[in-house]
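Okay, query.cif is below, mmCIF, C-alpha atoms:
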data_target
#
loop_
_atom_site.label_atom_id
_atom_site.label_comp_id
_atom_site.auth_asym_id
_atom_site.auth_seq_id
_atom_site.Cartn_x
_atom_site.Cartn_y
_atom_site.Cartn_z
CA MET J 1 0.00 0.00 0.00
CA GLN J 2 1.37 3.38 -1.06
CA LYS J 3 1.81 5.94 1.72
CA THR J 4 3.27 9.44 1.78
CA TYR J 5 5.49 10.78 4.56
CA THR J 6 7.35 14.04 5.07
CA PHE J 7 10.66 13.88 6.91
CA HIS J 8 13.09 16.56 7.98
CA VAL J 9 16.57 16.50 6.45
CA ASP J 10 19.59 17.82 8.31
CA GLY J 11 22.70 18.77 6.32
CA MET J 12 21.25 20.32 3.14
CA HIS J 13 23.01 23.54 2.12
CA CYS J 14 22.05 24.14 -1.50
CA GLN J 15 20.19 22.86 -4.56
CA SER J 16 22.94 20.34 -5.19
CA CYS J 17 21.98 18.77 -1.86
CA VAL J 18 18.35 18.68 -3.00
CA LEU J 19 19.31 16.88 -6.21
CA MET J 20 21.55 14.45 -4.34
CA THR J 21 18.82 13.65 -1.79
CA GLU J 22 16.19 13.04 -4.46
CA SER J 23 18.54 11.04 -6.67
CA GLU J 24 19.64 8.67 -3.88
CA LEU J 25 16.17 8.08 -2.44
CA LYS J 26 14.64 7.39 -5.86
CA LYS J 27 16.93 4.37 -6.08
CA VAL J 28 15.33 2.79 -3.01
CA LEU J 29 13.14 -0.19 -3.82
CA GLY J 30 9.49 0.57 -3.06
CA ILE J 31 9.76 4.37 -3.28
CA SER J 32 7.79 5.80 -6.20
CA TYR J 33 8.03 9.56 -5.57
CA VAL J 34 10.56 11.87 -3.90
CA LYS J 35 10.41 15.65 -3.51
CA ALA J 36 13.02 17.50 -1.43
CA SER J 37 12.81 21.14 -0.35
CA LEU J 38 15.73 23.37 0.61
CA ASN J 39 13.41 26.07 1.96
CA HIS J 40 11.80 23.72 4.47
CA LEU J 41 14.73 21.33 4.87
CA ASN J 42 12.51 18.31 4.33
CA VAL J 43 11.77 15.53 1.88
CA GLU J 44 8.41 14.07 0.87
CA VAL J 45 8.48 10.39 -0.05
CA THR J 46 5.76 8.12 -1.38
CA GLY J 47 6.08 4.35 -1.48
CA ASP J 48 5.23 0.96 -0.07
CA PHE J 49 6.91 0.78 3.35
CA GLY J 50 4.94 -2.16 4.69
CA ASP J 51 4.14 -1.92 8.40
CA LYS J 52 7.15 0.24 9.30
CA GLU J 53 6.68 3.15 11.67
CA PRO J 54 7.75 6.61 10.42
CA LYS J 55 10.74 6.65 12.79
CA HIS J 56 11.95 3.34 11.34
CA ILE J 57 11.53 4.61 7.78
CA ALA J 58 13.48 7.76 8.69
CA ARG J 59 16.25 5.62 10.16
CA ASP J 60 16.48 3.53 6.99
CA LEU J 61 16.57 6.61 4.78
CA SER J 62 19.26 8.13 6.99
CA GLU J 63 21.47 5.10 6.42
CA ILE J 64 21.22 5.71 2.68
CA LEU J 65 21.95 9.44 2.88
CA LYS J 66 24.51 9.39 5.71
CA PRO J 67 27.50 8.80 3.37
CA HIS J 68 26.59 12.08 1.66
CA GLY J 69 26.35 14.02 4.93
CA TYR J 70 22.56 14.09 5.43
CA THR J 71 20.38 12.82 8.26
CA VAL J 72 16.63 12.10 8.03
CA SER J 73 14.40 12.47 11.08
CA VAL J 74 10.74 12.69 12.03
CA GLU J 75 11.30 15.65 14.36
CA LYS J 76 12.74 19.01 13.39
CA ASN J 77 16.40 19.60 14.16
CA TRP J 78 16.98 23.20 13.18
CA PRO J 79 20.60 24.08 12.42
CA ALA J 80 20.26 27.45 14.18
CA ARG J 81 19.61 25.73 17.51
CA ARG J 82 22.39 23.22 17.08
CA SER J 83 25.00 25.73 15.98
CA PHE J 84 25.23 27.52 19.30
CA SER J 85 25.53 24.35 21.35
CA GLU J 86 27.20 21.46 19.52
CA GLY J 87 28.37 23.70 16.68
CA GLY J 88 29.89 26.19 19.13
CA SER J 89 32.93 23.98 19.58
CA ASP J 90 33.34 23.88 15.79
CA PHE J 91 33.48 27.68 15.68
CA LYS J 92 36.16 27.74 18.40
CA ILE J 93 38.41 25.86 16.00
CA ALA J 94 37.15 27.34 12.73
CA ILE J 95 37.58 31.00 13.65
CA PRO J 96 41.33 30.80 14.46
CA ILE J 97 41.95 28.77 11.28
CA ALA J 98 40.05 31.31 9.17
CA LEU J 99 41.92 34.20 10.84
CA ALA J 100 45.21 32.43 10.12
CA PHE J 101 44.13 32.21 6.48
CA VAL J 102 43.44 35.97 6.49
CA VAL J 103 46.93 36.64 7.86
CA LEU J 104 48.48 34.37 5.22
CA PHE J 105 46.42 36.10 2.56
CA ILE J 106 47.70 39.54 3.63
CA VAL J 107 51.31 38.31 3.77
CA LEU J 108 51.06 36.85 0.27
CA GLN J 109 49.63 40.13 -0.97
CA LYS J 110 52.37 42.17 0.74
CA VAL J 111 55.22 40.15 -0.76
CA GLY J 112 53.50 40.00 -4.14
CA LEU J 113 53.65 36.22 -4.51
CA VAL J 114 50.01 35.92 -5.48
CA ASN J 115 47.29 38.39 -6.26
CA LEU J 116 44.12 36.83 -4.87
CA VAL J 117 41.89 39.90 -4.93
CA ASN J 118 42.35 43.13 -6.83
CA THR J 119 40.33 46.26 -7.35
CA GLY J 120 39.54 45.19 -10.89
CA GLY J 121 37.52 42.17 -9.88
CA VAL J 122 38.06 38.48 -9.32
CA SER J 123 41.62 37.40 -10.13
CA TYR J 124 42.82 33.96 -11.21
CA GLY J 125 44.10 33.34 -7.69
CA THR J 126 40.64 34.02 -6.28
CA ALA J 127 39.01 31.73 -8.85
CA PHE J 128 41.46 28.93 -8.03
CA ALA J 129 40.96 29.30 -4.26
CA ILE J 130 37.17 29.32 -4.65
CA GLY J 131 37.47 26.21 -6.81
CA ILE J 132 39.31 24.40 -4.01
CA ILE J 133 36.66 25.37 -1.45
CA ALA J 134 33.85 24.45 -3.86
CA SER J 135 35.31 20.99 -4.44
CA LEU J 136 35.25 20.29 -0.72
CA SER J 137 31.84 21.77 0.04
CA THR J 138 28.46 20.08 -0.01
CA CYS J 139 27.63 22.28 -3.02
CA MET J 140 29.87 19.96 -5.03
CA ALA J 141 28.54 16.78 -3.43
CA VAL J 142 26.38 16.10 -6.45
CA VAL J 143 29.45 16.23 -8.74
CA GLY J 144 31.27 13.77 -6.50
CA GLY J 145 28.17 11.58 -6.43
CA LEU J 146 27.97 11.62 -10.23
CA LEU J 147 31.64 10.72 -10.44
CA LEU J 148 31.37 7.82 -7.99
CA SER J 149 28.22 6.48 -9.64
CA MET J 150 29.76 6.64 -13.09
CA SER J 151 32.99 5.08 -11.83
CA ALA J 152 31.13 2.14 -10.32
CA THR J 153 29.24 1.53 -13.56
CA PHE J 154 32.35 1.37 -15.72
CA ALA J 155 34.42 -0.44 -13.07
CA ARG J 156 32.03 -3.39 -13.35
CA GLU J 157 33.04 -3.61 -16.99
CA GLY J 158 36.73 -3.59 -16.05
CA ASP J 159 37.44 -0.03 -17.24
CA LYS J 160 38.65 2.06 -14.29
CA VAL J 161 40.99 4.67 -15.76
CA LYS J 162 39.69 5.84 -19.15
CA PRO J 163 36.24 6.98 -17.88
CA GLN J 164 37.92 9.04 -15.14
CA LEU J 165 40.22 10.74 -17.62
CA LEU J 166 37.36 11.47 -20.01
CA PHE J 167 35.30 12.98 -17.17
CA HIS J 168 38.06 15.33 -16.03
CA VAL J 169 39.04 16.30 -19.58
CA GLY J 170 35.40 16.99 -20.43
CA ARG J 171 34.97 19.07 -17.27
CA VAL J 172 38.14 21.17 -17.65
CA VAL J 173 37.77 21.77 -21.40
CA SER J 174 34.06 22.59 -21.17
CA PHE J 175 34.63 25.08 -18.36
CA PHE J 176 37.17 26.88 -20.55
CA VAL J 177 35.04 26.81 -23.71
CA LEU J 178 31.68 27.60 -22.09
CA GLY J 179 33.30 30.19 -19.83
CA GLY J 180 34.72 31.77 -22.97
CA VAL J 181 31.28 31.75 -24.56
CA ILE J 182 29.84 33.56 -21.53
CA GLY J 183 32.68 36.08 -21.74
CA ALA J 184 32.02 36.58 -25.45
CA ILE J 185 28.32 37.11 -24.76
CA GLY J 186 29.33 39.76 -22.25
CA SER J 187 31.24 41.57 -25.02
CA ALA J 188 27.94 42.08 -26.85
CA PHE J 189 26.79 44.32 -24.02
CA THR J 190 28.40 47.61 -23.21
CA LEU J 191 28.59 47.62 -19.43
CA ASN J 192 29.04 51.09 -18.01
CA VAL J 193 30.50 51.67 -14.54
CA GLY J 194 27.08 51.43 -12.91
CA ALA J 195 26.19 48.13 -14.61
CA THR J 196 29.60 46.63 -13.77
CA PHE J 197 29.18 47.71 -10.16
CA ALA J 198 25.68 46.17 -10.01
CA LEU J 199 26.90 42.85 -11.38
CA SER J 200 29.92 42.87 -9.03
CA LEU J 201 27.55 43.57 -6.16
CA VAL J 202 25.41 40.56 -7.13
CA ILE J 203 28.51 38.34 -7.30
CA GLY J 204 29.61 39.50 -3.86
CA LEU J 205 26.16 38.92 -2.38
CA VAL J 206 25.92 35.42 -3.93
CA MET J 207 29.29 34.52 -2.41
CA LEU J 208 28.22 36.00 0.92
CA ILE J 209 25.08 33.84 0.98
CA LEU J 210 27.15 30.78 0.04
CA GLY J 211 29.51 31.44 2.93
CA ILE J 212 26.66 31.95 5.40
CA ASN J 213 25.05 28.70 4.28
CA LEU J 214 28.31 26.80 4.75
CA LEU J 215 28.27 27.92 8.39
CA ASP J 216 25.05 25.91 8.74
CA THR J 217 23.89 28.43 11.33
CA PHE J 218 21.25 30.69 9.76
CA HIS J 219 18.42 28.65 8.25
CA TRP J 220 16.80 31.67 6.57
CA ALA J 221 19.83 32.22 4.30
CA LYS J 222 19.19 28.94 2.47
CA ARG J 223 16.09 30.47 0.91
CA LEU J 224 18.12 33.31 -0.63
CA GLN J 225 20.63 31.18 -2.49
CA PRO J 226 20.13 31.34 -6.29
CA SER J 227 20.42 28.21 -8.36
CA MET J 228 20.38 26.88 -11.90
CA PRO J 229 16.83 26.09 -13.11
CA ARG J 230 16.00 22.53 -12.06
CA PHE J 231 15.18 21.66 -15.68
CA PHE J 232 18.86 22.03 -16.65
CA SER J 233 20.12 20.46 -13.45
CA ARG J 234 17.97 17.34 -13.74
CA HIS J 235 18.90 16.80 -17.37
CA ALA J 236 22.58 17.28 -16.57
CA LEU J 237 22.23 14.72 -13.78
CA GLY J 238 20.37 12.32 -16.08
CA ILE J 239 23.25 12.10 -18.54
CA SER J 240 25.15 9.90 -16.09
CA LYS J 241 22.52 7.16 -16.48
CA PHE J 242 23.56 6.44 -20.06
CA ASN J 243 26.10 3.67 -20.52
CA HIS J 244 28.19 4.66 -23.50
CA THR J 245 31.91 5.03 -24.11
CA LEU J 246 31.66 8.83 -24.29
CA THR J 247 29.25 9.17 -21.35
CA PRO J 248 32.01 10.24 -18.90
CA LEU J 249 33.01 13.03 -21.29
CA PHE J 250 29.43 14.31 -21.50
CA VAL J 251 28.99 14.02 -17.73
CA GLY J 252 32.08 16.18 -17.26
CA ILE J 253 30.64 18.78 -19.64
CA ALA J 254 27.24 18.64 -17.89
CA THR J 255 28.77 19.62 -14.53
CA PHE J 256 28.98 23.18 -15.88
CA PHE J 257 25.18 23.32 -15.58
CA LEU J 258 24.77 21.74 -12.13
CA PRO J 259 23.44 23.93 -9.28
CA CYS J 260 26.71 24.83 -7.55
CA GLY J 261 26.54 28.40 -6.25
CA PHE J 262 30.30 28.77 -6.48
CA THR J 263 30.23 27.88 -10.18
CA GLN J 264 27.39 30.33 -10.77
CA SER J 265 29.20 33.18 -9.01
CA MET J 266 32.20 32.60 -11.30
CA GLN J 267 29.90 32.43 -14.33
CA LEU J 268 28.42 35.79 -13.37
CA TYR J 269 31.86 37.34 -13.07
CA THR J 270 32.90 35.82 -16.41
CA LEU J 271 30.07 37.76 -18.03
CA THR J 272 31.74 41.01 -16.94
CA THR J 273 35.05 40.15 -18.64
CA GLY J 274 33.57 40.73 -22.11
CA ASN J 275 36.29 38.58 -23.61
CA PHE J 276 36.37 34.93 -24.72
CA LEU J 277 39.94 34.23 -23.62
CA GLU J 278 39.72 35.95 -20.25
CA GLY J 279 36.32 34.45 -19.49
CA GLY J 280 37.56 31.00 -20.49
CA LEU J 281 40.68 31.33 -18.34
CA VAL J 282 38.69 32.34 -15.25
CA MET J 283 36.47 29.25 -15.52
CA LEU J 284 39.47 27.07 -16.43
CA VAL J 285 41.37 28.14 -13.32
CA PHE J 286 38.26 27.58 -11.21
CA ALA J 287 37.89 24.07 -12.67
CA LEU J 288 41.58 23.37 -11.99
CA GLY J 289 40.97 24.36 -8.36
CA THR J 290 38.32 21.63 -8.10
CA LEU J 291 40.48 19.06 -9.90
CA PRO J 292 42.65 17.72 -7.01
CA VAL J 293 39.72 16.70 -4.81
CA LEU J 294 37.63 15.37 -7.70
CA ALA J 295 40.63 13.36 -8.89
CA LEU J 296 40.99 11.96 -5.37
CA ILE J 297 37.31 10.98 -5.42
CA SER J 298 37.91 9.23 -8.73
CA PHE J 299 40.31 6.72 -7.23
CA SER J 300 39.16 6.49 -3.63
CA SER J 301 36.11 6.74 -1.38
CA PHE J 302 37.18 10.20 -0.17
CA SER J 303 34.33 12.37 1.08
CA VAL J 304 34.72 15.27 3.47
CA GLN J 305 31.15 14.69 4.71
CA ASN J 306 32.27 11.37 6.23
CA ARG J 307 34.98 12.95 8.35
CA SER J 308 34.41 13.61 12.06
CA LYS J 309 35.61 17.20 11.68
CA ALA J 310 33.34 18.02 8.73
CA GLY J 311 31.57 20.65 10.84
CA VAL J 312 34.86 22.43 11.51
CA PHE J 313 35.80 22.33 7.85
CA PHE J 314 32.49 23.73 6.58
CA LYS J 315 32.50 26.54 9.13
CA THR J 316 36.11 27.39 8.28
CA ALA J 317 35.32 27.32 4.56
CA GLY J 318 32.22 29.45 5.18
CA LEU J 319 34.21 32.10 7.04
CA ILE J 320 36.83 32.19 4.27
CA VAL J 321 34.17 32.51 1.56
CA ILE J 322 32.55 35.33 3.55
CA MET J 323 35.94 37.02 3.64
CA PHE J 324 36.26 36.76 -0.17
CA ALA J 325 32.74 38.15 -0.52
CA LEU J 326 33.44 41.11 1.74
CA PHE J 327 36.68 41.88 -0.09
CA ASN J 328 34.86 41.90 -3.42
CA LEU J 329 31.96 43.98 -2.09
CA ILE J 330 34.35 46.56 -0.63
CA ASN J 331 36.46 46.65 -3.79
CA SER J 332 33.31 47.18 -5.86
CA LEU J 333 32.51 50.23 -3.77
CA VAL J 334 36.09 51.46 -4.26
CA VAL J 335 35.93 51.04 -8.05
CA ILE J 336 32.73 53.07 -8.33
CA GLY J 337 34.21 55.75 -6.09
CA LEU J 338 31.77 55.50 -3.19
CA ILE J 339 34.54 54.84 -0.67
CA PRO J 340 38.32 55.37 -0.68
CA PRO J 341 40.67 52.37 -0.95
CA ILE J 342 40.79 50.43 2.30
CA PHE J 343 43.28 47.68 1.49
CA ASN J 344 46.67 48.76 0.21
CA PHE J 345 48.12 45.39 -0.75
#

How does the structure come out when it is put into structure tokens?
Amino acid sequence: MQKTYTFHVDGMHCQSCVLMTESELKKVLGISYVKASLNHLNVEVTGDFGDKEPKHIARDLSEILKPHGYTVSVEKNWPARRSFSEGGSDFKIAIPIALAFVVLFIVLQKVGLVNLVNTGGVSYGTAFAIGIIASLSTCMAVVGGLLLSMSATFAREGDKVKPQLLFHVGRVVSFFVLGGVIGAIGSAFTLNVGATFALSLVIGLVMLILGINLLDTFHWAKRLQPSMPRFFSRHALGISKFNHTLTPLFVGIATFFLPCGFTQSMQLYTLTTGNFLEGGLVMLVFALGTLPVLALISFSSFSVQNRSKAGVFFKTAGLIVIMFALFNLINSLVVIGLIPPIFNF
């Protein structure tokens, strides 16, 4: 007998989490319908669960989603309440680490070894650093899930290396080409100082929301996070279900359209470059920043969500992303002349 239940999901940060939750639960035998919501942090499931009580169903679903960092429960477990008790200890570790990163950032700027942020916009160093953070965040969990699923499919056929290489080549090349296309599209529009400032402001705000959501502290911020239309995301995710020699290549290309807020913030900035080469290089460097972790996922069961200190990592990453956002917001105000330069490095 088909029954419908609504359970609360702890651990969702973005639309990638929604896609991952729906994709994993749809594989469960007996479940015919799944609908997850980031706004309400819950999932609606319909299926034949026999005589199981809701708490037992939630426990079973949690076992399926736990490897991806999510927990299903009957009762609400709001992140805002947890963050100031259990999560408080995470912040005690995360804040010093993030501050140390700020100090390192300033030192690198002073000695001129790397230019992470400049008054002209997002530099290649910034794009690479954001790529690293994105590859470790839950916003990229769906990409890792795609990669692991695809790897398992081809591994059963005895091909473990070629699909991985095709995936990464497809991802890196497509980020350069499609990033260049976005940059070229931007050249068709003449952006005056005001328009450039507005777009830079949007990029900064998107990054700020991403950072706040990584803190897993303020539930209301999850509703503000923009995402790729689900139509594109679902079709990009569906490509991985095809079993063809070139499937890994197409899956790598499709990751450009998945709902990762970090990717979208870089895509927005690429539009402001107004140049194919520069736009392509920004997205290429971002993709290269994600490459080390995704390559590690390719040949191991690595997943930051499985680690005991995942809470510390996400809060540290969130604080660092917030720092990048604030730097870009302040620099945008400097460029338009609203405030004098604050950072002289």

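Residues within 12 Å of Val173 in chain J, counting all atoms listed in the file and excluding same-chain residues fewer than 5 positions away, are Leu165, Leu166, Phe167, His168, Leu178, Gly179, Gly180, Leu249, Phe250, Gly252, Ile253, Ala254, Thr255, Phe256, Gly280, Leu281, Met283, Leu284, Val285, Phe286, Ala287 and Leu288 of chain J.
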
Filtering to C-alpha atoms, could you give me those residues as an mmCIF file, keeping the file's coordinate frame?
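Contents of the output file part.cif:
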data_model
loop_
_atom_site.group_PDB
_atom_site.id
_atom_site.type_symbol
_atom_site.label_atom_id
_atom_site.label_comp_id
_atom_site.auth_asym_id
_atom_site.auth_seq_id
_atom_site.Cartn_x
_atom_site.Cartn_y
_atom_site.Cartn_z
ATOM 1 C CA LEU J 165 40.220 10.740 -17.620
ATOM 2 C CA LEU J 166 37.360 11.470 -20.010
ATOM 3 C CA PHE J 167 35.300 12.980 -17.170
ATOM 4 C CA HIS J 168 38.060 15.330 -16.030
ATOM 5 C CA LEU J 178 31.680 27.600 -22.090
ATOM 6 C CA GLY J 179 33.300 30.190 -19.830
ATOM 7 C CA GLY J 180 34.720 31.770 -22.970
ATOM 8 C CA LEU J 249 33.010 13.030 -21.290
ATOM 9 C CA PHE J 250 29.430 14.310 -21.500
ATOM 10 C CA GLY J 252 32.080 16.180 -17.260
ATOM 11 C CA ILE J 253 30.640 18.780 -19.640
ATOM 12 C CA ALA J 254 27.240 18.640 -17.890
ATOM 13 C CA THR J 255 28.770 19.620 -14.530
ATOM 14 C CA PHE J 256 28.980 23.180 -15.880
ATOM 15 C CA GLY J 280 37.560 31.000 -20.490
ATOM 16 C CA LEU J 281 40.680 31.330 -18.340
ATOM 17 C CA MET J 283 36.470 29.250 -15.520
ATOM 18 C CA LEU J 284 39.470 27.070 -16.430
ATOM 19 C CA VAL J 285 41.370 28.140 -13.320
ATOM 20 C CA PHE J 286 38.260 27.580 -11.210
ATOM 21 C CA ALA J 287 37.890 24.070 -12.670
ATOM 22 C CA LEU J 288 41.580 23.370 -11.990
#

(message) Quick check, in Å to one decimal: how far apart do CA of Pro96 in chain J and CA of Met266 in chain J lie?
(response)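 Atom-to-atom, CA of Pro96 in chain J to CA of Met266 in chain J, that is 27.4 Å.
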
(request) Expand the PyMOL selection byres ((chain J and resi 203) around 10) into the individual residues it matches in the shown file, reporting them as a list in words. (result)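 Evaluating the PyMOL selection byres ((chain J and resi 203) around 10) on these coordinates yields Val122, Phe197, Ala198, Leu199, Ser200, Leu201, Val202, Gly204, Leu205, Val206, Met207, Leu208, Phe262, Gln264, Ser265, Met266, Gln267, Leu268, Tyr269, Ala325, Asn328 and Leu329 of chain J.
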
(request) Go ahead and compute the interatomic distance for CA of Pro163 in chain J and CA of Leu246 in chain J, in Å to one decimal. (result)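 For CA of Pro163 in chain J relative to CA of Leu246 in chain J, the distance reads 8.1 Å.
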
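The shortest atom-to-atom distance to Ala129 in chain J, with only C-alpha atoms taken into account, belongs to J:Phe101 out of J:Phe101, J:Arg171, J:Ile185, J:Gly30.
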
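Against the coordinates shown, the PyMOL selection byres ((chain J and resi 74) around 9) returns Thr6, Phe7, His8, Val9, Pro54, Lys55, Ala58, Val72, Ser73, Glu75 and Lys76 of chain J.
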
(request) List, as a VMD selection string, every residue that the PyMOL selection byres ((chain J and resi 272-275) around 8) selects in the file provided. (result) chain J and resid 180 183 to 189 191 196 199 268 to 271 276 to 279

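Nearest residue to Ala36 in chain J, choosing from J:Ser23, J:Asn213, J:Ser135, J:Ser123 and counting only C-alpha atoms: J:Ser23.
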
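CA of Leu38 in chain J lies 17.3 Å from CA of Lys26 in chain J.
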
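The smallest atom-to-atom distance between Ser332 in chain J and any of J:Met1, J:Ala100, J:Ser89, J:Gly194, using all atoms listed in the file, is found for J:Gly194.
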
Just so I have it separately, write range 259-277 of chain J from the block I sent, keeping N, CA, C and O atoms, as a PDB file, in the first residue's frame.
ATOM      1  N   PRO J 259      23.728  22.799 -10.168  1.00  0.00           N
ATOM      2  CA  PRO J 259      23.439  23.930  -9.281  1.00  0.00           C
ATOM      3  C   PRO J 259      24.461  24.153  -8.171  1.00  0.00           C
ATOM      4  O   PRO J 259      24.166  24.019  -6.993  1.00  0.00           O
ATOM      5  N   CYS J 260      25.695  24.469  -8.545  1.00  0.00           N
ATOM      6  CA  CYS J 260      26.714  24.829  -7.551  1.00  0.00           C
ATOM      7  C   CYS J 260      26.819  26.346  -7.514  1.00  0.00           C
ATOM      8  O   CYS J 260      27.159  26.972  -8.523  1.00  0.00           O
ATOM      9  N   GLY J 261      26.522  26.943  -6.373  1.00  0.00           N
ATOM     10  CA  GLY J 261      26.542  28.399  -6.254  1.00  0.00           C
ATOM     11  C   GLY J 261      27.905  28.993  -6.552  1.00  0.00           C
ATOM     12  O   GLY J 261      28.011  30.104  -7.094  1.00  0.00           O
ATOM     13  N   PHE J 262      28.964  28.273  -6.200  1.00  0.00           N
ATOM     14  CA  PHE J 262      30.304  28.771  -6.480  1.00  0.00           C
ATOM     15  C   PHE J 262      30.526  28.886  -7.995  1.00  0.00           C
ATOM     16  O   PHE J 262      31.073  29.876  -8.477  1.00  0.00           O
ATOM     17  N   THR J 263      30.106  27.856  -8.722  1.00  0.00           N
ATOM     18  CA  THR J 263      30.231  27.882 -10.181  1.00  0.00           C
ATOM     19  C   THR J 263      29.445  29.054 -10.756  1.00  0.00           C
ATOM     20  O   THR J 263      29.923  29.775 -11.640  1.00  0.00           O
ATOM     21  N   GLN J 264      28.249  29.258 -10.249  1.00  0.00           N
ATOM     22  CA  GLN J 264      27.393  30.326 -10.771  1.00  0.00           C
ATOM     23  C   GLN J 264      27.954  31.710 -10.478  1.00  0.00           C
ATOM     24  O   GLN J 264      27.826  32.625 -11.294  1.00  0.00           O
ATOM     25  N   SER J 265      28.600  31.886  -9.315  1.00  0.00           N
ATOM     26  CA  SER J 265      29.201  33.181  -9.006  1.00  0.00           C
ATOM     27  C   SER J 265      30.351  33.470  -9.970  1.00  0.00           C
ATOM     28  O   SER J 265      30.532  34.605 -10.421  1.00  0.00           O
ATOM     29  N   MET J 266      31.128  32.430 -10.315  1.00  0.00           N
ATOM     30  CA  MET J 266      32.202  32.595 -11.297  1.00  0.00           C
ATOM     31  C   MET J 266      31.640  32.857 -12.690  1.00  0.00           C
ATOM     32  O   MET J 266      32.187  33.643 -13.464  1.00  0.00           O
ATOM     33  N   GLN J 267      30.535  32.205 -13.021  1.00  0.00           N
ATOM     34  CA  GLN J 267      29.904  32.429 -14.326  1.00  0.00           C
ATOM     35  C   GLN J 267      29.409  33.870 -14.448  1.00  0.00           C
ATOM     36  O   GLN J 267      29.520  34.490 -15.511  1.00  0.00           O
ATOM     37  N   LEU J 268      28.869  34.397 -13.359  1.00  0.00           N
ATOM     38  CA  LEU J 268      28.416  35.793 -13.365  1.00  0.00           C
ATOM     39  C   LEU J 268      29.585  36.742 -13.590  1.00  0.00           C
ATOM     40  O   LEU J 268      29.496  37.691 -14.372  1.00  0.00           O
ATOM     41  N   TYR J 269      30.690  36.472 -12.893  1.00  0.00           N
ATOM     42  CA  TYR J 269      31.858  37.338 -13.073  1.00  0.00           C
ATOM     43  C   TYR J 269      32.393  37.240 -14.504  1.00  0.00           C
ATOM     44  O   TYR J 269      32.782  38.248 -15.108  1.00  0.00           O
ATOM     45  N   THR J 270      32.402  36.025 -15.051  1.00  0.00           N
ATOM     46  CA  THR J 270      32.902  35.819 -16.409  1.00  0.00           C
ATOM     47  C   THR J 270      32.154  36.691 -17.407  1.00  0.00           C
ATOM     48  O   THR J 270      32.730  37.174 -18.385  1.00  0.00           O
ATOM     49  N   LEU J 271      30.876  36.909 -17.148  1.00  0.00           N
ATOM     50  CA  LEU J 271      30.072  37.760 -18.031  1.00  0.00           C
ATOM     51  C   LEU J 271      30.629  39.175 -18.095  1.00  0.00           C
ATOM     52  O   LEU J 271      30.544  39.843 -19.124  1.00  0.00           O
ATOM     53  N   THR J 272      31.226  39.625 -16.994  1.00  0.00           N
ATOM     54  CA  THR J 272      31.741  41.007 -16.941  1.00  0.00           C
ATOM     55  C   THR J 272      33.071  41.159 -17.672  1.00  0.00           C
ATOM     56  O   THR J 272      33.487  42.286 -17.956  1.00  0.00           O
ATOM     57  N   THR J 273      33.752  40.042 -17.972  1.00  0.00           N
ATOM     58  CA  THR J 273      35.046  40.153 -18.645  1.00  0.00           C
ATOM     59  C   THR J 273      34.913  40.650 -20.078  1.00  0.00           C
ATOM     60  O   THR J 273      35.795  41.334 -20.586  1.00  0.00           O
ATOM     61  N   GLY J 274      33.799  40.276 -20.745  1.00  0.00           N
ATOM     62  CA  GLY J 274      33.572  40.730 -22.110  1.00  0.00           C
ATOM     63  C   GLY J 274      34.601  40.225 -23.101  1.00  0.00           C
ATOM     64  O   GLY J 274      34.833  40.843 -24.138  1.00  0.00           O
ATOM     65  N   ASN J 275      35.218  39.091 -22.774  1.00  0.00           N
ATOM     66  CA  ASN J 275      36.289  38.577 -23.614  1.00  0.00           C
ATOM     67  C   ASN J 275      36.308  37.056 -23.535  1.00  0.00           C
ATOM     68  O   ASN J 275      36.253  36.489 -22.449  1.00  0.00           O
ATOM     69  N   PHE J 276      36.394  36.389 -24.693  1.00  0.00           N
ATOM     70  CA  PHE J 276      36.365  34.926 -24.718  1.00  0.00           C
ATOM     71  C   PHE J 276      37.544  34.338 -23.959  1.00  0.00           C
ATOM     72  O   PHE J 276      37.371  33.453 -23.114  1.00  0.00           O
ATOM     73  N   LEU J 277      38.750  34.809 -24.238  1.00  0.00           N
ATOM     74  CA  LEU J 277      39.937  34.235 -23.624  1.00  0.00           C
ATOM     75  C   LEU J 277      39.957  34.452 -22.123  1.00  0.00           C
ATOM     76  O   LEU J 277      40.201  33.514 -21.345  1.00  0.00           O
TER      77      LEU J 277
END
